[in-house]
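Participant: My questions will all concern the structure given below.
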Amino acid sequence: MPSSPRPGPSAVAARLREALRRADCRLLAEVLHANVHWSPPGGGDTGCHARSHVLSRCSRLHALGLRADVEETFTYPAAVVLGLRIHGTVPPADPDSVAYHVFDITGGLVTRITSCTARAQALDVAVVGTAGWSG
């Protein structure tokens, strides 16, 4: 019996938008690879290194009242870029700016999330794609 095909980047983008709109970590979990890595802007050691770590961080941010509105979506063959307006009463909420996140997609799952401070940077990261991922 053949397995069902994995969703492409457009379907993953729709799922990410819905998870963010609803602030629903369960929906987010469905598109995250078990070994997903989330890099903060500028790199560093404060990133997340597994699905459970990403979900834990998202849950903490939601508990603090932070929400993200998707302002822009760019879809590539191996990545999705979301421009997010973060709002709430605690940092990093800044209703005057848009943060960009690149979601690298492999086999229908997000394998890496890279936070960027500018659209051009995010689009450059998305073009590189998942060539170096070895999950």
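Chain lettering (A, B, ...) mirrors the order of the structure tokens, residue numbering begins at 1 for each chain separately, and ligand numbering begins at 1 in order of display.
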Write out as a ChimeraX atom specification all residues of stretch 103-133 of chain A that DSSP puts in helix (DSSP H, G or I) for this structure's backbone.

Facilitator: /A:119-128

Participant: Contacts between stretch 5-24 of chain A and stretch 43-97 of chain A, please, where a residue of stretch 43-97 of chain A counts if it comes within 9 Å (with only C-alpha atoms); show its shortest atom pair and distance in Å to one decimal, rows by chain and ascending number, as a tab-separated table.

Facilitator:
residue	atom	partner	partner_atom	distance
A:Cys58	CA	A:Ala23	CA	8.6
A:Ser59	CA	A:Ala23	CA	8.7
A:His62	CA	A:Ala23	CA	6.9
A:Arg67	CA	A:Ala23	CA	6.9
A:Ala68	CA	A:Leu20	CA	6.2
A:Asp69	CA	A:Arg21	CA	6.6
A:Val70	CA	A:Arg17	CA	6.6
A:Thr73	CA	A:Ala13	CA	7.6
A:Phe74	CA	A:Ala13	CA	8.6
A:Thr75	CA	A:Ser10	CA	6.3
A:Tyr76	CA	A:Pro9	CA	6.9
A:Pro77	CA	A:Pro9	CA	6.6
A:Ala78	CA	A:Pro9	CA	6.6
A:Ala79	CA	A:Pro9	CA	6.3
A:Val80	CA	A:Ala13	CA	6.2
A:Val81	CA	A:Ala13	CA	8.3
A:Leu82	CA	A:Ala13	CA	8.2

Participant: What's the 10 Å shell around A:Leu55, counting only C-alpha atoms, without same-chain residues fewer than 3 positions away, as a list of chain:residue names?

Facilitator: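 Everything that qualifies: A:Asp24, A:Cys25, A:Arg26, A:Leu28, A:Ala29, A:Leu32, A:Cys48, A:Ala50, A:Arg51, A:Ser52, A:Cys58, A:Ser59, A:Arg60, A:Leu61.
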
Participant: Write out the residues from the selection above, keeping C-alpha atoms, as a PDB file, in the first residue's frame.

Facilitator:
ATOM      1  CA  ASP A  24      -2.380  26.325  18.601  1.00  0.00           C
ATOM      2  CA  CYS A  25       0.789  24.375  19.398  1.00  0.00           C
ATOM      3  CA  ARG A  26      -0.904  21.097  18.456  1.00  0.00           C
ATOM      4  CA  LEU A  28       2.249  23.486  14.857  1.00  0.00           C
ATOM      5  CA  ALA A  29       3.492  20.112  16.113  1.00  0.00           C
ATOM      6  CA  LEU A  32       7.522  20.081  12.785  1.00  0.00           C
ATOM      7  CA  CYS A  48      15.669  25.312  20.074  1.00  0.00           C
ATOM      8  CA  ALA A  50      13.931  19.597  18.917  1.00  0.00           C
ATOM      9  CA  ARG A  51      10.176  19.670  18.301  1.00  0.00           C
ATOM     10  CA  SER A  52       9.477  19.474  22.035  1.00  0.00           C
ATOM     11  CA  CYS A  58       5.862  28.608  21.847  1.00  0.00           C
ATOM     12  CA  SER A  59       3.686  27.591  24.791  1.00  0.00           C
ATOM     13  CA  ARG A  60       5.626  29.903  27.114  1.00  0.00           C
ATOM     14  CA  LEU A  61       5.312  32.809  24.664  1.00  0.00           C
TER      15      LEU A  61
END

Participant: Run DSSP on the backbone of this structure and report the residues of stretch 3-135 of chain A it assigns to strand (DSSP E or B), as an NGL selection string.

Facilitator: :A and (32-39 or 48 or 67-76 or 79-87 or 99-106 or 109-116)

Participant: Kindly indicate which residue among A:Val54, A:Ala126, A:Leu84, A:Ala118 lies nearest to A:His37, using only C-alpha atoms for the distances.

Facilitator: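 Answer, going by the shortest atom-to-atom distance: A:Val54.
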
Participant: Could you list, as a PyMOL selection string, every residue within 12 Å of A:Ser115, counting only C-alpha atoms and ignoring same-chain residues fewer than 2 positions away?

Facilitator: chain A and resi 37-44+46-48+81-84+98-104+112-113+117-119+121-123+125-126

Participant: Could you state the separation of atom CA of A:Leu64 and atom CA of A:Asp94 in Å, given to one decimal place?

Facilitator: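 Between atom CA of A:Leu64 and atom CA of A:Asp94 the gap is 14.2 Å.
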